[in-house]
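Visitor: Contents of query_32.txt (compact mmCIF, C-alpha atoms) are below:
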# COMPACT_ATOMS: atom_id res chain seq x y z
CA MET A 139 -40.69 -64.76 29.91
CA SER A 140 -39.62 -62.83 26.82
CA GLU A 141 -41.81 -61.52 24.03
CA PHE A 142 -41.34 -64.66 21.94
CA GLY A 143 -41.19 -67.46 24.50
CA THR A 144 -39.49 -68.83 27.58
CA ILE A 145 -35.74 -68.56 28.14
CA GLY A 146 -33.59 -70.97 30.08
CA ALA A 147 -29.91 -70.75 30.92
CA VAL A 148 -27.37 -73.56 31.10
CA ILE A 149 -24.36 -72.64 33.25
CA VAL A 150 -21.44 -74.98 32.61
CA ALA A 151 -19.25 -75.54 35.67
CA ALA A 152 -18.11 -79.17 35.56
CA GLY A 153 -14.47 -78.62 34.58
CA ARG A 154 -11.42 -79.23 36.69
CA GLY A 155 -9.51 -76.07 35.70
CA GLU A 156 -6.00 -77.54 35.83
CA ARG A 157 -4.36 -74.40 34.40
CA ALA A 158 -5.54 -72.39 37.41
CA GLY A 159 -3.46 -74.59 39.72
CA ASN A 160 -4.60 -76.76 42.59
CA THR A 161 -5.67 -75.15 45.84
CA GLU A 162 -7.68 -76.10 48.88
CA ASP A 163 -10.66 -74.28 47.38
CA GLY A 164 -11.00 -76.82 44.59
CA PRO A 165 -11.56 -76.10 40.87
CA LYS A 166 -11.40 -72.52 39.64
CA GLN A 167 -15.19 -72.07 39.58
CA TYR A 168 -15.11 -72.43 43.38
CA ARG A 169 -12.11 -70.19 44.06
CA LEU A 170 -12.98 -67.19 46.18
CA ILE A 171 -13.01 -63.77 44.54
CA GLY A 172 -14.36 -60.81 46.46
CA GLY A 173 -15.13 -63.19 49.32
CA ARG A 174 -17.40 -65.45 47.26
CA ASP A 175 -17.07 -68.35 44.84
CA VAL A 176 -16.53 -67.46 41.18
CA LEU A 177 -19.62 -69.52 40.36
CA SER A 178 -21.70 -67.66 42.96
CA TRP A 179 -21.14 -64.34 41.15
CA THR A 180 -22.06 -65.92 37.80
CA LEU A 181 -25.21 -67.61 39.04
CA GLN A 182 -26.43 -64.50 40.82
CA THR A 183 -26.35 -62.44 37.62
CA PHE A 184 -28.49 -64.98 35.75
CA GLN A 185 -30.76 -65.70 38.70
CA GLN A 186 -31.59 -61.99 39.06
CA HIS A 187 -32.26 -61.43 35.36
CA PRO A 188 -36.02 -60.90 34.90
CA ARG A 189 -36.18 -62.51 31.43
CA ILE A 190 -34.65 -65.85 32.42
CA SER A 191 -37.18 -68.39 33.67
CA GLN A 192 -35.06 -71.42 34.63
CA ILE A 193 -31.40 -72.16 35.23
CA ALA A 194 -29.66 -75.53 34.88
CA ILE A 195 -26.23 -75.71 36.49
CA VAL A 196 -23.93 -78.46 35.28
CA ILE A 197 -21.38 -79.53 37.90
CA HIS A 198 -18.84 -82.29 38.42
CA PRO A 199 -20.15 -85.31 40.37
CA ASP A 200 -17.58 -84.62 43.10
CA ASP A 201 -18.55 -80.97 43.55
CA HIS A 202 -21.97 -81.08 45.21
CA PRO A 203 -20.70 -79.73 48.57
CA LEU A 204 -18.79 -76.97 46.80
CA PHE A 205 -21.83 -76.04 44.73
CA THR A 206 -24.00 -75.89 47.84
CA ARG A 207 -21.51 -73.46 49.39
CA ALA A 208 -21.51 -71.29 46.26
CA ALA A 209 -25.31 -71.24 46.01
CA GLU A 210 -25.68 -70.23 49.66
CA LYS A 211 -23.70 -67.04 48.98
CA ILE A 212 -26.16 -65.72 46.41
CA ASP A 213 -27.85 -62.58 47.74
CA ALA A 214 -31.43 -63.73 47.06
CA PRO A 215 -33.07 -67.16 47.33
CA ALA A 216 -32.43 -69.17 44.18
CA SER A 217 -33.57 -72.45 42.69
CA PHE A 218 -31.55 -74.39 40.13
CA ILE A 219 -31.75 -77.63 38.22
CA VAL A 220 -28.52 -79.37 39.18
CA VAL A 221 -27.06 -81.69 36.54
CA GLU A 222 -23.92 -83.79 36.73
CA GLY A 223 -21.61 -83.16 33.77
CA GLY A 224 -19.71 -85.49 31.48
CA THR A 225 -16.02 -85.95 30.75
CA GLU A 226 -15.93 -83.14 28.17
CA ARG A 227 -17.59 -79.73 28.05
CA GLN A 228 -19.65 -80.78 25.04
CA ASP A 229 -21.10 -83.71 27.03
CA SER A 230 -21.86 -81.42 29.95
CA VAL A 231 -23.72 -78.89 27.81
CA ARG A 232 -25.82 -81.63 26.20
CA ARG A 233 -26.80 -82.96 29.62
CA GLY A 234 -27.75 -79.46 30.70
CA LEU A 235 -29.93 -79.05 27.62
CA GLU A 236 -31.58 -82.44 28.20
CA ALA A 237 -32.64 -81.23 31.64
CA PHE A 238 -34.84 -78.63 29.90
CA ASN A 239 -36.38 -81.09 27.41
CA GLU A 240 -39.77 -81.18 29.16
CA ALA A 241 -39.63 -77.68 30.65
CA GLY A 242 -41.29 -75.70 27.88
CA ILE A 243 -38.12 -73.75 27.10
CA THR A 244 -38.13 -72.07 23.66
CA HIS A 245 -34.69 -70.47 23.76
CA VAL A 246 -31.59 -71.13 25.81
CA LEU A 247 -28.44 -69.28 26.83
CA ILE A 248 -25.28 -71.32 27.41
CA HIS A 249 -22.65 -69.68 29.59
CA ASP A 250 -19.28 -70.56 31.11
CA GLY A 251 -19.48 -70.62 34.89
CA VAL A 252 -16.02 -69.02 35.09
CA ARG A 253 -17.13 -65.79 33.42
CA PRO A 254 -18.33 -64.02 36.59
CA PHE A 255 -18.37 -60.50 35.14
CA VAL A 256 -21.21 -61.09 32.70
CA ASP A 257 -23.86 -58.42 33.17
CA HIS A 258 -27.52 -57.91 32.37
CA ALA A 259 -26.75 -55.59 29.46
CA LEU A 260 -24.85 -58.34 27.64
CA ILE A 261 -27.56 -60.91 28.38
CA ASP A 262 -30.14 -58.47 27.04
CA ARG A 263 -28.21 -58.00 23.79
CA VAL A 264 -28.30 -61.75 23.19
CA ILE A 265 -32.00 -62.04 24.04
CA ASP A 266 -32.91 -59.00 21.95
CA ALA A 267 -31.40 -60.74 18.91
CA PHE A 268 -33.98 -63.51 19.39
CA ASP A 269 -36.69 -60.86 19.19
CA ARG A 270 -35.27 -59.90 15.81
CA GLY A 271 -35.57 -63.45 14.53
CA ALA A 272 -32.11 -64.93 15.20
CA ASP A 273 -31.88 -68.67 15.98
CA ALA A 274 -28.26 -68.56 17.19
CA VAL A 275 -26.51 -65.59 18.79
CA LEU A 276 -22.83 -65.13 19.59
CA PRO A 277 -21.48 -62.22 21.67
CA ALA A 278 -18.03 -61.39 20.33
CA LEU A 279 -15.29 -58.78 20.33
CA ALA A 280 -13.50 -57.71 17.17
CA ILE A 281 -9.78 -58.49 17.34
CA ALA A 282 -7.74 -55.29 17.68
CA ASP A 283 -4.24 -56.78 17.99
CA THR A 284 -2.04 -57.78 15.10
CA LEU A 285 -2.08 -61.55 14.57
CA LYS A 286 0.97 -63.62 13.63
CA LYS A 287 1.21 -67.19 12.38
CA ALA A 288 4.35 -69.04 13.46
CA THR A 289 6.08 -72.28 12.58
CA GLU A 290 6.80 -75.02 15.11
CA GLY A 291 10.13 -73.38 15.84
CA ASP A 292 8.42 -70.16 16.96
CA ILE A 293 9.47 -68.35 13.82
CA VAL A 294 6.91 -65.94 12.37
CA GLU A 295 5.63 -67.33 9.12
CA ASP A 296 2.95 -64.81 8.24
CA THR A 297 0.85 -61.88 9.45
CA VAL A 298 -2.80 -62.77 9.56
CA ALA A 299 -5.32 -60.16 8.46
CA ARG A 300 -7.53 -59.35 11.44
CA GLU A 301 -10.45 -57.92 9.46
CA GLY A 302 -13.56 -59.97 10.13
CA LEU A 303 -11.98 -61.88 13.03
CA TYR A 304 -13.65 -61.98 16.44
CA VAL A 305 -13.09 -63.39 19.91
CA ALA A 306 -16.09 -65.48 20.98
CA GLN A 307 -17.69 -65.05 24.41
CA THR A 308 -20.63 -66.48 26.29
CA PRO A 309 -23.56 -66.53 26.95
CA GLN A 310 -24.32 -67.89 23.51
CA GLY A 311 -28.01 -68.06 22.69
CA PHE A 312 -29.98 -70.56 20.63
CA ASP A 313 -33.39 -71.80 19.61
CA PHE A 314 -33.74 -74.54 22.19
CA LEU A 315 -34.92 -77.43 20.04
CA ALA A 316 -32.42 -76.59 17.29
CA ILE A 317 -29.35 -76.58 19.55
CA LEU A 318 -30.55 -79.66 21.46
CA SER A 319 -30.92 -81.51 18.16
CA ALA A 320 -27.47 -80.33 17.03
CA HIS A 321 -25.85 -81.57 20.25
CA ARG A 322 -27.62 -84.91 20.01
CA ASN A 323 -26.52 -85.38 16.39
CA ALA A 324 -22.94 -84.44 17.22
CA ALA A 325 -22.90 -87.03 20.03
CA GLU A 326 -24.37 -89.73 17.80
CA GLN A 327 -21.77 -89.03 15.10
CA GLU A 328 -18.99 -88.81 17.71
CA GLN A 329 -18.14 -85.27 16.65
CA THR A 330 -16.31 -84.10 19.76
CA ASP A 331 -13.87 -81.45 18.51
CA PHE A 332 -16.12 -78.39 18.85
CA THR A 333 -14.65 -75.65 21.03
CA ASP A 334 -17.94 -73.86 21.73
CA ASP A 335 -21.66 -74.21 21.14
CA SER A 336 -21.83 -71.77 18.24
CA ALA A 337 -19.40 -74.08 16.40
CA ILE A 338 -21.90 -76.93 16.82
CA ALA A 339 -24.65 -74.61 15.56
CA GLU A 340 -22.57 -73.75 12.50
CA TRP A 341 -21.91 -77.45 11.86
CA ALA A 342 -25.65 -78.09 12.07
CA GLY A 343 -26.34 -75.40 9.48
CA MET A 344 -27.70 -72.72 11.81
CA SER A 345 -27.02 -69.07 11.02
CA VAL A 346 -25.14 -67.46 13.91
CA LYS A 347 -25.77 -63.76 14.53
CA LEU A 348 -23.02 -61.66 16.14
CA VAL A 349 -23.78 -59.12 18.87
CA ASP A 350 -21.36 -56.92 20.77
CA GLY A 351 -19.50 -58.68 23.54
CA ASP A 352 -18.07 -57.03 26.64
CA PRO A 353 -14.34 -56.59 27.40
CA GLU A 354 -15.14 -57.06 31.11
CA ASN A 355 -16.70 -60.46 30.45
CA VAL A 356 -13.41 -62.32 30.80
CA LYS A 357 -13.02 -66.05 31.27
CA LEU A 358 -10.95 -66.94 34.34
CA THR A 359 -8.39 -69.45 33.13
CA VAL A 360 -5.11 -69.18 35.02
CA ALA A 361 -4.25 -68.28 38.60
CA ARG A 362 -3.41 -64.69 37.65
CA ASP A 363 -6.90 -64.21 36.21
CA ILE A 364 -8.38 -65.23 39.54
CA GLU A 365 -6.08 -62.90 41.48
CA LEU A 366 -7.07 -59.93 39.31
CA ALA A 367 -10.76 -60.79 39.61
CA ASP A 368 -10.40 -60.94 43.38
CA GLN A 369 -8.76 -57.51 43.49
CA LYS A 370 -11.47 -56.03 41.27
CA LEU A 371 -14.38 -57.38 43.31
CA LYS A 372 -12.82 -56.48 46.64
CA SER A 373 -12.49 -52.88 45.53
CA GLN A 374 -16.05 -52.81 44.16
CA SER A 375 -17.93 -54.93 46.69
CA ASN A 376 -16.10 -55.83 49.87
CA GLY A 377 -13.73 -52.91 50.20
CA PRO A 378 -15.27 -49.45 49.98
CA ALA A 379 -13.56 -47.07 47.63
CA GLN A 380 -10.82 -44.99 49.17
CA LEU A 381 -11.26 -41.24 48.87
CA PRO A 382 -8.63 -38.60 49.60
CA ASP A 383 -9.13 -37.25 53.12
CA VAL A 384 -8.71 -33.57 52.34
CA ARG A 385 -9.68 -31.28 55.21
CA THR A 386 -10.05 -27.52 55.26
CA GLY A 387 -9.80 -25.45 58.43
CA ASN A 388 -10.69 -21.81 58.99
CA GLY A 389 -9.36 -19.39 61.58
CA TYR A 390 -10.23 -15.84 62.58
CA ASP A 391 -8.48 -13.46 64.95
CA VAL A 392 -8.61 -9.78 65.82
CA HIS A 393 -6.52 -7.54 68.05
CA ALA A 394 -6.95 -3.92 69.04
CA LEU A 395 -4.55 -1.22 67.92
CA VAL A 396 -2.86 0.81 70.64
CA PRO A 397 -0.20 3.52 70.51
CA GLY A 398 3.15 2.11 69.45
CA SER A 399 5.81 2.01 66.76
CA SER A 400 5.21 -1.24 64.86
CA VAL A 401 2.90 -4.21 64.25
CA VAL A 402 3.81 -7.87 63.76
CA LEU A 403 1.97 -9.58 60.91
CA CYS A 404 2.85 -13.01 59.46
CA GLY A 405 5.98 -12.97 61.63
CA LEU A 406 7.18 -9.74 60.05
CA GLU A 407 7.67 -6.53 62.07
CA ILE A 408 6.33 -3.56 60.12
CA PRO A 409 6.92 0.06 61.24
CA HIS A 410 3.62 1.76 62.07
CA ASP A 411 2.25 4.48 64.29
CA HIS A 412 0.33 1.87 66.32
CA ALA A 413 0.96 -1.57 67.80
CA LEU A 414 -1.32 -4.55 68.23
CA SER A 415 -2.40 -5.26 71.78
CA GLY A 416 -2.23 -8.82 73.06
CA HIS A 417 -0.72 -11.18 75.59
CA SER A 418 1.79 -12.45 72.99
CA ASP A 419 3.11 -10.39 70.08
CA ALA A 420 -0.55 -10.22 68.89
CA ASP A 421 0.23 -11.44 65.37
CA VAL A 422 -3.36 -11.85 64.17
CA ALA A 423 -2.26 -13.58 60.94
CA LEU A 424 -0.31 -16.36 62.63
CA HIS A 425 -3.00 -16.74 65.30
CA ALA A 426 -5.71 -17.20 62.67
CA LEU A 427 -3.59 -19.69 60.71
CA THR A 428 -2.82 -21.61 63.91
CA ASP A 429 -6.55 -22.02 64.54
CA ALA A 430 -7.12 -23.08 60.93
CA LEU A 431 -4.53 -25.87 61.19
CA LEU A 432 -5.82 -27.03 64.59
CA ALA A 433 -9.31 -27.26 63.08
CA THR A 434 -8.18 -29.83 60.49
CA CYS A 435 -7.24 -32.36 63.16
CA GLY A 436 -9.79 -31.53 65.85
CA LYS A 437 -7.27 -30.08 68.29
CA GLY A 438 -9.31 -27.16 69.56
CA ASP A 439 -8.05 -23.59 69.19
CA ILE A 440 -5.03 -21.54 70.08
CA GLY A 441 -6.41 -20.64 73.52
CA ASP A 442 -6.58 -24.32 74.49
CA HIS A 443 -2.85 -24.71 73.94
CA PHE A 444 -1.58 -21.23 74.85
CA PRO A 445 -4.04 -19.64 77.30
CA PRO A 446 -3.55 -15.88 77.69
CA SER A 447 -3.77 -16.35 81.44
CA ASP A 448 -0.44 -18.20 81.40
CA PRO A 449 2.38 -15.69 82.04
CA GLN A 450 4.92 -17.73 80.08
CA TRP A 451 3.31 -16.62 76.82
CA LYS A 452 3.48 -12.90 77.60
CA GLY A 453 5.14 -11.23 74.63
CA ALA A 454 5.78 -14.62 73.00
CA ASP A 455 6.68 -14.89 69.33
CA SER A 456 3.57 -16.28 67.60
CA ARG A 457 5.79 -18.47 65.41
CA ILE A 458 5.87 -20.77 68.45
CA PHE A 459 2.10 -21.20 68.28
CA LEU A 460 2.04 -21.88 64.55
CA ARG A 461 4.91 -24.38 64.71
CA HIS A 462 3.08 -26.23 67.49
CA ALA A 463 0.00 -26.53 65.27
CA VAL A 464 2.17 -27.74 62.38
CA ASP A 465 3.62 -30.46 64.63
CA LEU A 466 0.14 -31.56 65.76
CA VAL A 467 -1.01 -31.84 62.15
CA ALA A 468 2.05 -33.94 61.28
CA GLY A 469 1.48 -36.14 64.32
CA ALA A 470 -2.06 -36.81 63.13
CA GLY A 471 -0.75 -37.94 59.75
CA GLY A 472 -1.53 -34.73 57.90
CA THR A 473 0.35 -33.07 55.07
CA ILE A 474 -0.23 -29.34 54.78
CA MET A 475 -1.09 -28.49 51.19
CA ASN A 476 -1.95 -24.79 51.33
CA ALA A 477 -2.02 -21.80 53.70
CA ASP A 478 -4.03 -18.69 52.88
CA VAL A 479 -4.22 -15.54 55.02
CA THR A 480 -6.35 -12.44 54.44
CA LEU A 481 -5.50 -9.35 56.50
CA ILE A 482 -8.26 -6.80 57.08
CA CYS A 483 -6.92 -3.36 57.97
CA GLU A 484 -6.85 0.26 56.88
CA ALA A 485 -3.12 0.55 57.63
CA PRO A 486 -0.30 -0.23 57.34
CA LYS A 487 -0.06 -0.98 53.61
CA ILE A 488 0.42 -4.74 53.18
CA GLY A 489 1.31 -4.85 49.48
CA PRO A 490 5.03 -4.03 49.84
CA HIS A 491 5.41 -6.77 52.46
CA LYS A 492 3.45 -9.66 50.88
CA LEU A 493 6.45 -11.56 49.54
CA ALA A 494 8.31 -11.43 52.86
CA MET A 495 5.15 -12.54 54.66
CA ARG A 496 4.67 -15.48 52.29
CA GLU A 497 8.31 -16.48 52.75
CA ASN A 498 7.79 -16.49 56.53
CA LEU A 499 4.70 -18.67 56.21
CA ALA A 500 6.49 -21.10 53.88
CA GLU A 501 9.39 -21.42 56.31
CA ILE A 502 7.25 -21.91 59.42
CA VAL A 503 4.70 -24.26 57.88
CA GLY A 504 7.23 -26.17 55.79
CA ILE A 505 5.61 -25.89 52.37
CA GLY A 506 6.50 -24.24 49.08
CA LEU A 507 6.12 -20.54 48.51
CA ASP A 508 3.57 -21.26 45.78
CA ARG A 509 1.36 -22.88 48.43
CA CYS A 510 1.31 -19.77 50.63
CA SER A 511 -0.95 -16.83 49.99
CA VAL A 512 -1.23 -13.47 51.74
CA LYS A 513 -3.93 -11.00 50.74
CA ALA A 514 -5.15 -7.76 52.22
CA THR A 515 -8.29 -5.68 52.12
CA THR A 516 -9.71 -2.67 53.92
CA ASN A 517 -13.05 -2.52 55.65
CA GLU A 518 -14.09 0.54 53.63
CA LYS A 519 -13.84 2.66 56.82
CA ILE A 520 -16.72 0.70 58.34
CA GLY A 521 -16.67 -0.71 61.86
CA PHE A 522 -13.76 -1.01 64.25
CA VAL A 523 -11.36 -1.87 61.44
CA GLY A 524 -12.57 1.08 59.39
CA ARG A 525 -12.04 3.33 62.38
CA ARG A 526 -8.49 1.96 62.72
CA GLU A 527 -9.25 0.49 66.12
CA GLY A 528 -7.91 -2.93 65.27
CA ILE A 529 -6.67 -5.41 62.66
CA ALA A 530 -8.37 -8.71 61.81
CA ALA A 531 -7.21 -11.77 59.93
CA ILE A 532 -8.96 -14.71 58.29
CA ALA A 533 -6.95 -17.86 57.49
CA THR A 534 -7.69 -21.05 55.61
CA ALA A 535 -5.54 -24.18 55.65
CA THR A 536 -5.87 -27.26 53.47
CA VAL A 537 -4.44 -30.52 54.82
CA LEU A 538 -4.30 -33.99 53.29
CA TYR A 539 -4.73 -36.82 55.83
CA GLY A 540 -4.42 -39.83 53.54
CA ALA A 541 -7.64 -41.69 52.66
CA ILE A 542 -11.05 -42.45 54.09
CA SER A 543 -13.78 -44.95 53.21
CA ASP A 544 -16.75 -43.74 51.21
CA ASP A 545 -19.27 -45.76 53.25
In structure tokens, what does this structure look like?
Guide:
Amino acid sequence: MSEFGTIGAVIVAAGRGERAGNTEDGPKQYRLIGGRDVLSWTLQTFQQHPRISQIAIVIHPDDHPLFTRAAEKIDAPASFIVVEGGTERQDSVRRGLEAFNEAGITHVLIHDGVRPFVDHALIDRVIDAFDRGADAVLPALAIADTLKKATEGDIVEDTVAREGLYVAQTPQGFDFLAILSAHRNAAEQEQTDFTDDSAIAEWAGMSVKLVDGDPENVKLTVARDIELADQKLKSQSNGPAQLPDVRTGNGYDVHALVPGSSVVLCGLEIPHDHALSGHSDADVALHALTDALLATCGKGDIGDHFPPSDPQWKGADSRIFLRHAVDLVAGAGGTIMNADVTLICEAPKIGPHKLAMRENLAEIVGIGLDRCSVKATTNEKIGFVGRREGIAAIATATVLYGAISDD
């Protein structure tokens, strides 16, 4: 019930849709898009609109089983007045209107059953025009393209000014008794060349008010229209949106400093008055980055793959560990996007060696130099690092694993 009366809707779905091609699914209003009949999507929108009291659906006499199937797919229980259509759309609309003759309807919306993307906002715009006193309402889109008039030989004869020209859509809204009378008069006078209901209203002398249409409210006419509608609804309804599966892994490692002549960091040997103590070469940077990569694919940590109790890894080059993690990431379908290492130490100075360290990371991991970062900081002489008892490293890796569902 609206502020001014009771609104009914006539959904026209009696056509054969020859231009959409013949398939086992029948006419185009019963083709499946997004797993449901075109007509099912259309009816559901009107059935769920709170300002529409009754719906008459006009179908072909041969389509009762198909209509039953479409109606069963509507999300909520629905009740319709089912009317068999005539040979032409104009006949079908009139029969749909006649079904409301004793129903107390004051205004009516007439909509093409093969416009499944109509939404409540568009329906509201039409109904709101009734509240402002309109007796006939036409949703329309202003023409943006240049128009050409051609001769029979497909030769351009003239350019048509597009100002004031519109593409008509449905639902078109009317004072019920006025449009019913107009349809009856047109039938009595055998006026059958009207292409839509607003044209009949114009012929009957009604003033037709324009409201904004909706570019999404397309009419499905040819097979390609149905294919595109199917793709759209599958992505929106049946198939959850695909989101990039970007994963970030963190790694941390620390090794004690012992007397020696050099340390190995990021695969680079740097002269120093101490060495890092460990079963392998104790490269804390590569160990931390190895753990970060393993974290992105759920493969545990470096100790799971290279236990320090195993003598074969004594003194091993930590590049072996990092390359193994890179291979596991690739095997899981991952693409490494970024590698970032922060070294925490009082000495040696890292700045002079950053570029060489980044080049090592880029070569081992197999990514561009611009995707590799090496930073360094001190611990402000606090803790074991501040006392120069050890060196720590924090690493972060970003890996793209394709796509995941958002449900």
Visitor: Just how far from atom CA of Ile338 of chain A is atom CA of Glu354 of chain A, in Å to one decimal?
Guide: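 Interatomic distance, atom CA of Glu354 of chain A to atom CA of Ile338 of chain A: 25.4 Å.
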Visitor: Mind giving me the straight-line distance from atom CA of Thr515 of chain A to atom CA of Glu527 of chain A in Å, one decimal?
Guide: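 According to the coordinates, atom CA of Thr515 of chain A and atom CA of Glu527 of chain A are separated by 15.3 Å.
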Visitor: Could you tell me which of A:Glu365, A:Asp257, A:Glu295, A:Asp411 comes closest to Ile171 of chain A if we count all atoms listed in the file?
Guide: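 Closest residue, counting all atoms listed in the file: A:Glu365.
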Visitor: Any idea what's packed within 12 Å of Asp508 of chain A, counting all atoms listed in the file, ignoring anything in its chain fewer than 6 positions away? Could you give it as number ranges by chain?
Guide: A: 475-478, 493, 496-497, 499-500
Visitor: Quick check, in Å to one decimal: how far apart do atom CA of Val464 of chain A and atom CA of Pro486 of chain A lie?
Guide: 28.1 Å
Visitor: Counting only C-alpha atoms, what is within 12 Å of Pro409 of chain A, bar same-chain residues fewer than 5 positions away, as a list in words?
Guide: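 Neighbouring residues, sequence-local ones excluded: Gly398, Ser399, Ser400, Val401, Val402, Leu403, Leu414, Ala485, Pro486, Lys487, Ile488 and His491 of chain A.
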Visitor: For Leu204 of chain A, find every residue with an atom within 10 Å (counting only C-alpha atoms), except residues of its own chain fewer than 6 positions away, and show them as a PyMOL selection string.
Guide: chain A and resi 163-165+167-169+175+177+197-198
Visitor: I'd like a table as CSV: residues in segment 342-401 of chain A with an atom no more than 9 Å from segment 249-253 of chain A, each row giving the shortest atom pair and its distance in Å to one decimal, all atoms listed in the file counted, sorted by chain and rising residue number.
Guide:
residue,atom,partner,partner_atom,distance
A:Asn355,CA,A:Arg253,CA,6.1
A:Val356,CA,A:Arg253,CA,5.7
A:Lys357,CA,A:Arg253,CA,4.6
A:Leu358,CA,A:Val252,CA,5.5
A:Thr359,CA,A:Val252,CA,7.9
Visitor: I'd like to know which of A:Ile317, A:Ile408, A:Ala272, A:Ala533 is closest to His425 of chain A, using only C-alpha atoms.
Guide: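 Closest residue, counting only C-alpha atoms: A:Ala533.
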